>>> print(open('model11.txt').read())   # compact mmCIF, C-alpha atoms and all ligand atoms
# COMPACT_ATOMS: atom_id res chain seq x y z
CA MET A 412 13.53 -40.01 15.61
CA SER A 413 13.60 -37.45 12.80
CA GLU A 414 12.16 -34.01 13.24
CA HIS A 415 8.54 -33.23 12.44
CA PHE A 416 7.20 -29.80 11.49
CA ASP A 417 3.83 -28.25 10.72
CA LEU A 418 5.20 -26.75 7.52
CA LEU A 419 8.41 -27.18 5.56
CA ILE A 420 9.58 -24.88 2.78
CA ARG A 421 12.12 -26.84 0.75
CA HIS A 422 14.63 -25.93 -1.96
CA GLY A 423 14.07 -22.15 -1.96
CA THR A 424 16.59 -19.32 -1.88
CA CYS A 425 15.98 -17.60 1.45
CA ILE A 426 16.69 -13.92 2.03
CA LEU A 427 18.18 -14.08 5.51
CA PRO A 428 19.23 -10.98 7.47
CA TRP A 429 22.84 -11.72 6.44
CA GLY A 430 22.17 -12.42 2.79
CA ALA A 431 20.71 -14.94 0.33
CA GLU A 432 21.16 -18.61 1.20
CA ALA A 433 19.76 -21.82 -0.25
CA THR A 434 18.25 -23.44 2.83
CA ASP A 435 15.10 -25.15 4.03
CA VAL A 436 12.80 -23.60 6.63
CA GLY A 437 10.83 -25.53 9.26
CA VAL A 438 7.73 -24.06 10.90
CA ARG A 439 6.09 -25.14 14.12
CA HIS A 440 3.20 -23.48 15.99
CA GLY A 441 3.19 -20.48 13.65
CA ARG A 442 6.83 -19.63 14.20
CA ILE A 443 10.10 -20.38 12.44
CA ALA A 444 11.48 -23.45 14.22
CA ALA A 445 14.55 -24.14 12.09
CA LEU A 446 16.68 -22.69 9.31
CA GLY A 447 18.38 -25.69 7.77
CA VAL A 448 16.39 -28.90 8.11
CA PRO A 449 17.70 -32.50 7.88
CA ALA A 450 16.73 -34.42 4.72
CA GLY A 451 14.69 -36.92 6.77
CA ALA A 452 12.50 -34.31 8.46
CA THR A 453 8.75 -34.64 7.91
CA ALA A 454 5.88 -32.14 7.95
CA GLU A 455 2.11 -31.89 7.72
CA HIS A 456 2.58 -29.68 4.65
CA THR A 457 5.61 -29.24 2.44
CA ILE A 458 6.03 -26.47 -0.11
CA ASP A 459 8.53 -27.06 -2.89
CA ALA A 460 10.06 -23.62 -3.44
CA LYS A 461 12.50 -24.75 -6.14
CA GLY A 462 13.26 -21.76 -8.35
CA LEU A 463 11.61 -19.37 -5.88
CA HIS A 464 12.94 -16.81 -3.41
CA VAL A 465 11.66 -17.09 0.15
CA LEU A 466 11.38 -13.61 1.66
CA PRO A 467 10.29 -12.72 5.18
CA GLY A 468 6.59 -11.79 4.99
CA LEU A 469 6.58 -8.35 3.37
CA ILE A 470 4.99 -5.43 5.22
CA ASP A 471 3.26 -2.38 3.73
CA PRO A 472 3.41 0.12 6.59
CA HIS A 473 1.14 2.70 4.93
CA VAL A 474 -2.37 1.81 3.76
CA HIS A 475 -5.81 3.39 4.08
CA LEU A 476 -8.38 0.58 4.13
CA ARG A 477 -11.26 3.07 4.57
CA ASP A 478 -13.02 1.03 7.25
CA PRO A 479 -15.32 2.31 8.71
CA GLY A 480 -16.27 4.08 5.51
CA ASP A 481 -17.70 3.20 2.13
CA LYS A 482 -17.51 -0.58 1.62
CA ALA A 483 -18.20 -0.07 -2.10
CA VAL A 484 -14.71 1.49 -2.27
CA GLU A 485 -12.68 -0.58 0.23
CA SER A 486 -12.88 -2.29 3.62
CA ILE A 487 -10.64 -4.28 5.93
CA PRO A 488 -11.83 -7.66 4.54
CA THR A 489 -11.33 -6.61 0.90
CA GLY A 490 -8.17 -4.59 1.47
CA THR A 491 -6.44 -7.42 3.32
CA ARG A 492 -7.49 -9.91 0.59
CA ALA A 493 -5.81 -7.54 -1.86
CA ALA A 494 -2.77 -7.45 0.42
CA VAL A 495 -2.26 -11.23 0.54
CA LEU A 496 -2.92 -11.59 -3.21
CA GLY A 497 -0.20 -9.01 -3.70
CA GLY A 498 2.28 -10.84 -1.45
CA LEU A 499 1.94 -8.86 1.80
CA ALA A 500 1.87 -10.60 5.19
CA ALA A 501 1.03 -7.44 7.17
CA VAL A 502 -0.25 -3.92 6.60
CA PHE A 503 -0.33 -0.88 8.90
CA ASP A 504 -3.64 0.93 8.49
CA MET A 505 -4.17 4.69 8.74
CA PRO A 506 -6.78 6.24 11.07
CA ASN A 507 -8.51 8.79 8.77
CA THR A 508 -11.66 6.76 8.31
CA ALA A 509 -15.29 7.79 8.78
CA PRO A 510 -15.30 8.18 11.72
CA SER A 511 -11.56 8.50 12.39
CA ILE A 512 -9.78 6.27 14.96
CA THR A 513 -8.98 8.87 17.62
CA ASP A 514 -10.15 7.45 20.96
CA GLY A 515 -10.10 4.28 23.03
CA GLU A 516 -13.62 3.26 22.11
CA LYS A 517 -13.08 3.38 18.35
CA LEU A 518 -9.69 1.72 18.72
CA ALA A 519 -11.24 -1.13 20.73
CA TRP A 520 -13.86 -1.62 18.00
CA LYS A 521 -11.17 -1.80 15.33
CA GLN A 522 -8.92 -4.16 17.33
CA ASP A 523 -11.78 -6.63 17.66
CA TYR A 524 -12.93 -6.22 14.06
CA VAL A 525 -9.44 -6.83 12.64
CA GLU A 526 -9.10 -10.09 14.55
CA HIS A 527 -12.31 -11.39 12.98
CA GLU A 528 -12.13 -10.05 9.43
CA ALA A 529 -8.53 -9.47 8.31
CA TRP A 530 -6.70 -11.87 5.96
CA CYS A 531 -3.24 -10.65 7.00
CA ASP A 532 -1.80 -9.22 10.19
CA MET A 533 -2.35 -5.53 10.86
CA GLY A 534 -0.84 -2.63 12.73
CA LEU A 535 -3.14 0.30 13.54
CA TYR A 536 -2.37 4.00 13.59
CA VAL A 537 -4.27 6.26 15.98
CA GLY A 538 -5.04 9.76 14.70
CA GLY A 539 -3.88 12.78 16.66
CA THR A 540 -6.25 15.77 16.78
CA LYS A 541 -6.20 19.08 18.61
CA THR A 542 -8.65 17.66 21.14
CA ASN A 543 -7.21 14.21 21.99
CA ILE A 544 -3.63 15.30 22.81
CA PRO A 545 -3.79 14.36 26.53
CA GLU A 546 -4.89 10.80 25.62
CA LEU A 547 -2.22 10.14 22.98
CA ALA A 548 0.36 8.90 25.51
CA LYS A 549 -2.02 6.11 26.49
CA LEU A 550 -3.49 5.44 23.03
CA GLU A 551 -0.07 4.87 21.48
CA LEU A 552 0.45 1.93 23.84
CA GLY A 553 -2.75 0.16 22.74
CA ARG A 554 -2.70 -3.40 21.43
CA GLY A 555 -1.63 -3.48 17.79
CA VAL A 556 -0.92 0.26 17.64
CA CYS A 557 2.08 1.04 15.41
CA GLY A 558 2.04 4.72 16.30
CA ILE A 559 0.28 8.07 16.28
CA LYS A 560 -0.40 9.60 12.85
CA ILE A 561 -0.47 13.37 12.48
CA PHE A 562 -1.73 15.16 9.39
CA ALA A 563 0.23 18.45 9.56
CA GLY A 564 -1.22 19.25 6.11
CA SER A 565 -4.77 18.44 5.09
CA SER A 566 -5.62 15.39 2.97
CA THR A 567 -8.58 12.96 3.01
CA GLY A 568 -10.63 13.05 6.23
CA ASP A 569 -10.98 15.49 9.12
CA LEU A 570 -7.65 14.99 10.92
CA LEU A 571 -5.44 18.08 11.01
CA VAL A 572 -2.89 19.50 13.45
CA GLU A 573 -1.27 22.31 11.49
CA ASP A 574 0.10 24.84 14.01
CA ASP A 575 3.37 24.69 15.95
CA GLU A 576 1.72 25.09 19.35
CA HIS A 577 -0.48 22.01 18.97
CA LEU A 578 2.24 20.03 17.18
CA GLU A 579 4.59 20.65 20.10
CA ARG A 580 1.92 19.57 22.58
CA VAL A 581 1.42 16.36 20.55
CA MET A 582 5.18 15.70 20.69
CA ARG A 583 5.18 16.16 24.45
CA SER A 584 2.37 13.61 24.94
CA GLY A 585 3.89 10.13 24.83
CA ARG A 586 7.27 8.91 23.62
CA ARG A 587 6.99 6.53 20.67
CA ARG A 588 7.88 7.58 17.12
CA ILE A 589 5.15 9.73 15.50
CA ALA A 590 4.31 9.34 11.80
CA TYR A 591 3.70 12.62 9.95
CA HIS A 592 2.00 13.72 6.77
CA SER A 593 4.29 16.69 6.22
CA GLU A 594 2.96 19.49 4.05
CA ASP A 595 2.63 23.08 5.29
CA GLU A 596 -1.09 23.75 5.64
CA TYR A 597 -0.72 27.56 5.64
CA ARG A 598 1.14 27.55 2.32
CA LEU A 599 -1.48 25.16 0.88
CA GLN A 600 -4.31 27.51 1.84
CA ASP A 601 -2.42 30.71 0.84
CA ARG A 602 -1.87 29.48 -2.69
CA LYS A 603 -5.27 27.92 -3.29
CA HIS A 604 -6.60 31.10 -4.96
CA MET A 605 -4.05 30.72 -7.77
CA PHE A 606 -5.82 27.62 -9.04
CA HIS A 607 -9.24 27.00 -10.51
CA ARG A 608 -11.74 24.22 -10.94
CA GLY A 609 -11.13 22.44 -14.23
CA ASP A 610 -7.42 23.34 -14.40
CA PRO A 611 -5.30 20.50 -15.86
CA HIS A 612 -4.52 17.79 -13.30
CA ARG A 613 -0.82 18.60 -13.44
CA ARG A 614 -1.62 21.82 -11.54
CA HIS A 615 -1.89 19.56 -8.49
CA MET A 616 1.90 19.46 -8.17
CA GLU A 617 2.13 23.24 -8.62
CA TRP A 618 -0.35 23.87 -5.83
CA ARG A 619 1.23 21.34 -3.45
CA ASP A 620 4.73 22.34 -4.48
CA VAL A 621 8.21 21.35 -3.29
CA GLU A 622 8.38 24.22 -0.79
CA CYS A 623 5.05 23.13 0.69
CA ALA A 624 6.54 19.73 1.61
CA PHE A 625 10.01 21.01 2.50
CA LEU A 626 8.67 23.80 4.74
CA GLY A 627 6.44 21.26 6.51
CA THR A 628 9.42 19.02 7.21
CA ARG A 629 11.67 21.90 8.38
CA ARG A 630 8.99 22.95 10.87
CA LEU A 631 8.51 19.39 12.12
CA MET A 632 12.24 18.81 12.51
CA ALA A 633 12.65 22.04 14.51
CA LEU A 634 9.92 20.89 16.89
CA ALA A 635 11.24 17.32 17.03
CA ARG A 636 14.70 18.71 17.90
CA ALA A 637 13.24 20.94 20.62
CA THR A 638 11.18 18.15 22.19
CA GLY A 639 13.47 15.18 21.45
CA ARG A 640 10.48 13.25 20.12
CA PRO A 641 11.29 10.69 17.37
CA ALA A 642 9.61 11.32 14.02
CA HIS A 643 8.86 9.32 10.89
CA ILE A 644 8.28 11.47 7.81
CA LEU A 645 5.87 9.63 5.56
CA HIS A 646 5.95 9.78 1.76
CA VAL A 647 8.90 12.14 1.32
CA SER A 648 8.51 13.62 -2.16
CA THR A 649 11.33 16.12 -2.65
CA ALA A 650 15.12 15.96 -3.11
CA GLU A 651 15.37 18.84 -0.64
CA GLU A 652 13.77 16.90 2.22
CA LEU A 653 15.77 13.74 1.51
CA ASP A 654 18.95 15.81 1.71
CA TYR A 655 17.82 17.75 4.79
CA LEU A 656 16.79 14.63 6.74
CA LYS A 657 20.34 13.24 6.56
CA ASP A 658 21.18 15.71 9.38
CA PHE A 659 18.35 14.37 11.58
CA ARG A 660 19.11 10.65 11.59
CA ASP A 661 19.24 10.70 15.41
CA LEU A 662 15.57 11.76 15.46
CA ALA A 663 13.96 11.00 12.15
CA THR A 664 13.28 8.07 9.89
CA CYS A 665 11.56 8.37 6.54
CA GLU A 666 9.44 6.65 3.93
CA VAL A 667 9.19 7.01 0.17
CA LEU A 668 6.29 5.65 -1.80
CA MET A 669 6.32 3.03 -4.53
CA ASN A 670 4.43 5.60 -6.66
CA HIS A 671 7.14 8.26 -6.33
CA LEU A 672 9.70 5.63 -7.37
CA THR A 673 7.66 4.53 -10.37
CA GLN A 674 5.50 7.31 -11.79
CA VAL A 675 6.57 10.66 -13.13
CA ALA A 676 4.97 13.98 -14.07
CA PRO A 677 3.66 15.20 -16.44
CA ASP A 678 3.05 11.71 -17.90
CA CYS A 679 0.97 10.54 -14.90
CA TYR A 680 -1.38 13.54 -15.14
CA ASP A 681 -1.64 13.60 -18.95
CA ARG A 682 -2.32 9.87 -19.14
CA LEU A 683 -4.20 9.15 -15.90
CA GLU A 684 -5.80 12.53 -15.09
CA GLY A 685 -7.57 12.14 -11.72
CA PHE A 686 -6.17 8.61 -11.36
CA GLY A 687 -2.71 10.16 -11.05
CA VAL A 688 -3.64 12.61 -8.27
CA MET A 689 -2.29 11.91 -4.79
CA ASN A 690 -0.77 13.78 -1.81
CA PRO A 691 2.01 14.68 -1.81
CA PRO A 692 1.90 14.82 -5.59
CA ILE A 693 3.84 12.84 -8.12
CA ARG A 694 6.48 15.24 -9.44
CA GLY A 695 9.05 15.37 -12.23
CA PRO A 696 11.84 12.89 -13.08
CA GLU A 697 14.32 14.74 -10.82
CA VAL A 698 12.25 13.69 -7.79
CA ARG A 699 11.99 10.09 -8.90
CA ASP A 700 15.77 10.03 -9.38
CA ALA A 701 16.36 11.62 -5.96
CA CYS A 702 14.12 8.98 -4.35
CA TRP A 703 16.17 6.23 -5.97
CA ARG A 704 19.43 7.82 -4.80
CA ALA A 705 18.01 7.92 -1.27
CA ILE A 706 17.00 4.25 -1.53
CA ASN A 707 20.51 3.33 -2.58
CA ASP A 708 22.42 5.49 -0.08
CA GLY A 709 20.37 4.20 2.86
CA THR A 710 18.50 7.44 3.67
CA VAL A 711 15.14 5.76 3.22
CA ASP A 712 13.90 3.40 5.94
CA THR A 713 10.62 2.11 4.51
CA VAL A 714 8.70 1.91 1.24
CA GLY A 715 4.90 2.01 1.36
CA SER A 716 2.04 2.05 -1.12
CA ASP A 717 -0.10 4.74 0.56
CA HIS A 718 -3.00 2.64 -0.78
CA ALA A 719 -5.80 5.24 -0.66
CA PRO A 720 -8.73 4.15 -2.81
CA HIS A 721 -11.59 6.34 -4.02
CA SER A 722 -14.50 5.48 -6.29
CA ARG A 723 -14.03 5.80 -10.06
CA GLU A 724 -16.85 8.35 -10.14
CA LYS A 725 -15.08 10.66 -7.69
CA LYS A 726 -11.71 10.27 -9.41
CA MET A 727 -13.34 11.39 -12.66
CA LEU A 728 -14.47 14.73 -11.19
CA PRO A 729 -12.59 17.79 -12.47
CA TRP A 730 -9.47 18.87 -10.56
CA PRO A 731 -9.36 19.75 -7.67
CA ASP A 732 -12.68 18.06 -6.80
CA CYS A 733 -11.23 14.63 -7.66
CA PRO A 734 -10.01 13.32 -4.29
CA ALA A 735 -6.28 12.60 -3.85
CA GLY A 736 -5.14 9.00 -3.37
CA LEU A 737 -4.26 5.93 -5.44
CA THR A 738 -4.66 2.20 -4.93
CA GLY A 739 -1.46 0.23 -4.33
CA VAL A 740 -1.73 -2.47 -1.65
CA GLN A 741 -2.10 -5.23 -4.26
CA THR A 742 0.56 -3.88 -6.64
CA ILE A 743 3.41 -2.69 -4.40
CA VAL A 744 5.21 -6.06 -4.33
CA PRO A 745 5.03 -6.82 -8.08
CA VAL A 746 6.08 -3.24 -8.93
CA MET A 747 9.02 -3.36 -6.49
CA LEU A 748 10.08 -6.81 -7.78
CA ASN A 749 10.02 -5.33 -11.28
CA HIS A 750 12.35 -2.57 -10.06
CA VAL A 751 14.66 -5.26 -8.63
CA ASN A 752 14.72 -7.04 -12.00
CA ALA A 753 15.42 -3.72 -13.75
CA GLY A 754 18.52 -3.35 -11.57
CA ARG A 755 17.27 -0.34 -9.55
CA LEU A 756 17.81 -2.00 -6.16
CA PRO A 757 18.94 -5.41 -4.89
CA LEU A 758 16.31 -7.87 -3.65
CA THR A 759 18.03 -7.75 -0.24
CA ARG A 760 17.45 -3.96 -0.08
CA MET A 761 13.80 -4.40 -1.04
CA VAL A 762 13.43 -6.84 1.87
CA ASP A 763 15.26 -4.39 4.14
CA LEU A 764 12.79 -1.64 3.15
CA MET A 765 9.69 -3.82 3.52
CA CYS A 766 10.62 -5.96 6.56
CA ALA A 767 13.55 -4.77 8.68
CA GLY A 768 12.71 -1.10 7.96
CA PRO A 769 9.13 -1.15 9.29
CA ALA A 770 10.32 -3.32 12.20
CA ARG A 771 13.01 -0.78 13.15
CA VAL A 772 10.87 2.34 12.64
CA TYR A 773 7.75 1.15 14.48
CA GLY A 774 9.25 -1.35 16.96
CA VAL A 775 7.64 -4.50 15.51
CA VAL A 776 8.11 -7.52 17.76
CA GLY A 777 8.76 -10.97 16.25
CA LYS A 778 8.37 -10.15 12.57
CA GLY A 779 10.47 -8.81 9.73
CA ARG A 780 13.29 -11.35 9.51
CA LEU A 781 13.80 -15.01 8.73
CA ALA A 782 15.17 -16.16 12.06
CA ALA A 783 14.35 -18.93 14.52
CA GLY A 784 11.56 -17.93 16.90
CA TYR A 785 10.19 -15.21 14.60
CA ASP A 786 6.65 -15.40 13.19
CA ALA A 787 6.46 -17.80 10.23
CA ASP A 788 5.55 -15.04 7.76
CA PHE A 789 6.82 -15.57 4.22
CA THR A 790 6.39 -14.07 0.79
CA LEU A 791 7.42 -16.54 -1.91
CA VAL A 792 8.34 -14.84 -5.16
CA ASP A 793 9.12 -16.04 -8.66
CA MET A 794 11.67 -13.55 -9.95
CA LYS A 795 11.28 -14.80 -13.51
CA LYS A 796 7.49 -14.78 -13.77
CA GLN A 797 6.14 -12.23 -16.23
CA ARG A 798 2.69 -10.80 -16.01
CA GLN A 799 0.74 -7.68 -16.84
CA ILE A 800 -1.11 -5.75 -14.13
CA GLU A 801 -4.80 -5.36 -15.05
CA ASP A 802 -7.79 -3.67 -13.41
CA SER A 803 -9.57 -7.06 -13.53
CA TRP A 804 -6.99 -8.50 -11.07
CA ILE A 805 -7.71 -5.82 -8.43
CA VAL A 806 -10.01 -7.07 -5.64
CA SER A 807 -10.53 -3.72 -3.90
CA PRO A 808 -14.17 -2.94 -4.74
CA CYS A 809 -13.23 0.40 -6.36
CA GLY A 810 -11.68 -1.82 -9.04
CA TRP A 811 -8.86 0.26 -10.53
CA THR A 812 -5.09 0.61 -10.41
CA PRO A 813 -2.89 3.37 -11.86
CA PHE A 814 -0.57 0.56 -13.04
CA ALA A 815 -3.06 -1.15 -15.38
CA GLY A 816 -1.20 -2.29 -18.49
CA MET A 817 2.24 -2.34 -16.81
CA HIS A 818 4.40 -5.35 -17.72
CA ILE A 819 6.02 -6.86 -14.65
CA THR A 820 8.88 -9.32 -14.25
CA GLY A 821 8.88 -10.86 -10.76
CA TRP A 822 5.66 -11.90 -9.03
CA PRO A 823 4.54 -13.06 -5.55
CA VAL A 824 3.27 -16.65 -5.80
CA ALA A 825 2.51 -17.42 -2.15
CA THR A 826 1.83 -15.51 1.09
CA ILE A 827 2.18 -17.25 4.44
CA VAL A 828 1.08 -15.62 7.70
CA ARG A 829 2.21 -17.29 10.96
CA GLY A 830 2.44 -20.64 9.19
CA ASN A 831 -0.94 -20.31 7.42
CA VAL A 832 -0.79 -20.36 3.64
CA VAL A 833 -3.23 -17.53 2.88
CA MET A 834 -2.39 -17.13 -0.83
CA ARG A 835 -1.02 -19.59 -3.37
CA ASP A 836 -0.91 -18.98 -7.13
CA ASP A 837 -3.40 -16.13 -7.10
CA GLU A 838 -5.93 -17.90 -4.89
CA VAL A 839 -6.86 -16.72 -1.38
CA LEU A 840 -7.02 -19.76 0.92
CA GLY A 841 -8.68 -20.67 4.21
CA ALA A 842 -10.34 -18.13 6.46
CA PRO A 843 -9.39 -14.64 7.68
CA ILE A 844 -6.68 -15.43 10.28
CA GLY A 845 -5.28 -11.92 10.66
CA ARG A 846 -4.07 -10.78 14.08
CA LEU A 847 -2.77 -7.50 15.44
CA VAL A 848 0.96 -7.01 15.03
CA ARG A 849 2.87 -6.74 18.31
CA PHE A 850 4.95 -3.62 19.01
CA ALA A 851 7.51 -2.77 21.69
CA GLY A 852 5.70 -0.09 23.71
ZN ZN B 1 -1.42 8.08 3.39
>>> encode(input="model11.txt", output="structure tokens")
Amino acid sequence: MSEHFDLLIRHGTCILPWGAEATDVGVRHGRIAALGVPAGATAEHTIDAKGLHVLPGLIDPHVHLRDPGDKAVESIPTGTRAAVLGGLAAVFDMPNTAPSITDGEKLAWKQDYVEHEAWCDMGLYVGGTKTNIPELAKLELGRGVCGIKIFAGSSTGDLLVEDDEHLERVMRSGRRRIAYHSEDEYRLQDRKHMFHRGDPHRRHMEWRDVECAFLGTRRLMALARATGRPAHILHVSTAEELDYLKDFRDLATCEVLMNHLTQVAPDCYDRLEGFGVMNPPIRGPEVRDACWRAINDGTVDTVGSDHAPHSREKKMLPWPDCPAGLTGVQTIVPVMLNHVNAGRLPLTRMVDLMCAGPARVYGVVGKGRLAAGYDADFTLVDMKKQRQIEDSWIVSPCGWTPFAGMHITGWPVATIVRGNVVMRDDEVLGAPIGRLVRFAG
């Protein structure tokens, strides 16, 4: 009797952990049952992936879906629709919502909500505050929790732990890797008086300067060394930090953002004004080049979008009233595929950054590689497809992208989550089947 599967993906080029191979994939009960399938095998559904690359389901480990918050800007249902349209099988969602996710009750609400409303799988960050430190050791072990997030410098929301005493106490509560927004809050506040309402948007990168980020990371690394607590430095935005972190590989992993790899000052501020403002800021070409060097020498562990939507109205306020944050969950995969086609990184490295990287940093269980027994998460991409990114394609209710007008070569054409085809050719299919990602505690 020949083998029977729930789903077969035939004739694609698979990005396996050990390289690209032309092979067929068989799926049963939501998991990868076979790599290499006999010609006579049958299935309930077969996808012909001829001419396509079959990637493990891509993960964006850094999004802000703003839920609870203002549904006219973004929510978990809309943000995860955007994710699957953009080729993501899972996203890890930040806790600085309104209210923030900082205790067991709010976490329980979100765990339940995600499993009813999300279109892709989700990991959840819990926010650390000065008042919930004793509970962090328990909260970080919650179902679907990818880690504790600490804002050591202020950004959107009310989460902030800026002083060494409280940061050290956070590091001594629990043991999993902590994700940090690293900018020195004191330097931010000290320099605020130098800037004025209505200054050009490019002043954003002068206020939140290189030393602000580098000083934040030096302080965090000193405390991480003293406590032995593993750290993940989110959105590294300076050559200095990328160089410095090479001496902390025993303790620290790091992320760079798709935006810092793609956009450059002053162009982003002159052209996009408030729609180019994010934290840490987009800086000059030397930073973009340093980020690429760190992608290609292996310093960087993960690439995220830091999808952080705000309404058009708020983004059009004069600097610095325009809130910081850009959309990106729907565009990160096309933009990164375009970088692959431009020769900036190999497709295998992109998969490493968006699958194996998040798995290694956060301790993901059963996702992030094409291997028997792993979740049947796939992103099918057409490396030759050309398309322009447009605001009209964006399904986040805020309705804008800083990449509108960008010509892209390489596009996600299907997203499959645990064997469910949730996106095919720009159409979201079925019902929200998202589950919480599992993590090694
Ligand atoms: Zn963020």
>>> residues_near_ligand(input="model11.txt", ligand="ligand ZN 1 (chain B)", cutoff="8 Å", atoms="all atoms listed in the file", output="PDB file with C-alpha atoms, keeping the file's coordinate frame")
ATOM      1  CA  HIS A 473       1.140   2.700   4.930  1.00  0.00           C
ATOM      2  CA  VAL A 474      -2.370   1.810   3.760  1.00  0.00           C
ATOM      3  CA  HIS A 475      -5.810   3.390   4.080  1.00  0.00           C
ATOM      4  CA  MET A 505      -4.170   4.690   8.740  1.00  0.00           C
ATOM      5  CA  HIS A 592       2.000  13.720   6.770  1.00  0.00           C
ATOM      6  CA  LEU A 645       5.870   9.630   5.560  1.00  0.00           C
ATOM      7  CA  HIS A 646       5.950   9.780   1.760  1.00  0.00           C
ATOM      8  CA  ASN A 690      -0.770  13.780  -1.810  1.00  0.00           C
ATOM      9  CA  ASP A 717      -0.100   4.740   0.560  1.00  0.00           C
ATOM     10  CA  HIS A 718      -3.000   2.640  -0.780  1.00  0.00           C
ATOM     11  CA  ALA A 719      -5.800   5.240  -0.660  1.00  0.00           C
ATOM     12  CA  GLY A 736      -5.140   9.000  -3.370  1.00  0.00           C
TER      13      GLY A 736
END
>>> residues_near_point(input="model11.txt", point="(5.5, -0.2, 11.5)", cutoff="10 Å", atoms="all atoms listed in the file", output="MDAnalysis selection string")
chainID A and resid 470:473 501:504 533:536 556:558 588 590 713 765:776 848:850
>>> residues_around(input="model11.txt", residues="A:Leu547", least_positions_apart="3", cutoff="9 Å", atoms="only C-alpha atoms", output="number ranges by chain")
A: 513-514, 537-539, 543-544, 550-552, 559, 581, 584-585
>>> residues_around(input="model11.txt", residues="A:Leu578", least_positions_apart="3", cutoff="9 Å", atoms="all atoms listed in the file", output="JSON, numbers by chain")
{"A": [541, 561, 563, 572, 573, 574, 575, 581, 582, 583, 631, 634]}
>>> closest_residue(input="model11.txt", among="A:Val744, A:Ile443, A:Met616, A:Val828", to="A:Pro843", atoms="only C-alpha atoms")
A:Val828
>>> residues_around(input="model11.txt", residues="stretch 668-670 of chain A", least_positions_apart="6", cutoff="12 Å", atoms="all atoms listed in the file", output="PyMOL selection string")
chain A and resi 471-474+644-649+676+679+686-694+698-699+702-703+705-706+711-719+736-750+761+764-765+812-814
>>> atom_distance(input="model11.txt", atom1="atom CA of A:Gln799", atom2="atom CA of A:Asp836")
15.0 Å
>>> closest_residue(input="model11.txt", among="A:Thr710, A:Ala642, A:Ala825, A:Asp681", to="A:Val667", atoms="only C-alpha atoms")
A:Thr710
>>> residues_around(input="model11.txt", residues="A:Gly816", least_positions_apart="5", cutoff="12 Å", atoms="only C-alpha atoms", output="ChimeraX atom specification")
/A:798-804,811
>>> write_last_selection(input="model11.txt", atoms="C-alpha atoms", output="mmCIF file, in the frame of the given file")
data_model
loop_
_atom_site.group_PDB
_atom_site.id
_atom_site.type_symbol
_atom_site.label_atom_id
_atom_site.label_comp_id
_atom_site.auth_asym_id
_atom_site.auth_seq_id
_atom_site.Cartn_x
_atom_site.Cartn_y
_atom_site.Cartn_z
ATOM 1 C CA ARG A 798 2.690 -10.800 -16.010
ATOM 2 C CA GLN A 799 0.740 -7.680 -16.840
ATOM 3 C CA ILE A 800 -1.110 -5.750 -14.130
ATOM 4 C CA GLU A 801 -4.800 -5.360 -15.050
ATOM 5 C CA ASP A 802 -7.790 -3.670 -13.410
ATOM 6 C CA SER A 803 -9.570 -7.060 -13.530
ATOM 7 C CA TRP A 804 -6.990 -8.500 -11.070
ATOM 8 C CA TRP A 811 -8.860 0.260 -10.530
#
>>> closest_residue(input="model11.txt", among="A:Gln522, A:Ser593, A:Thr542, A:Ser722", to="A:Lys560", atoms="all atoms listed in the file")
A:Ser593
>>> axis_aligned_box(input="model11.txt", around="stretch 449-452 of chain A", padding_each_side="8 Å", output="lines of an AutoDock Vina configuration file")
center_x = 15.1
center_y = -34.7
center_z = 6.6
size_x = 21.2
size_y = 20.4
size_z = 19.7
>>> residues_around(input="model11.txt", residues="stretch 438-442 of chain A", least_positions_apart="2", cutoff="12 Å", atoms="all atoms listed in the file", output="count of residues only")
42
>>> closest_residue(input="model11.txt", among="A:Pro823, A:Gly451, A:Gly437, A:Gly423", to="A:Asp837", atoms="only C-alpha atoms")
A:Pro823
>>> closest_residue(input="model11.txt", among="A:Pro729, A:Gly553, A:Gly497, A:Gly515", to="A:Cys531", atoms="all atoms listed in the file")
A:Gly497
>>> atom_distance(input="model11.txt", atom1="atom CA of A:Lys726", atom2="atom CA of A:Arg619")
18.0 Å
>>> atom_distance(input="model11.txt", atom1="atom CA of A:Pro428", atom2="atom CA of A:His464")
13.9 Å
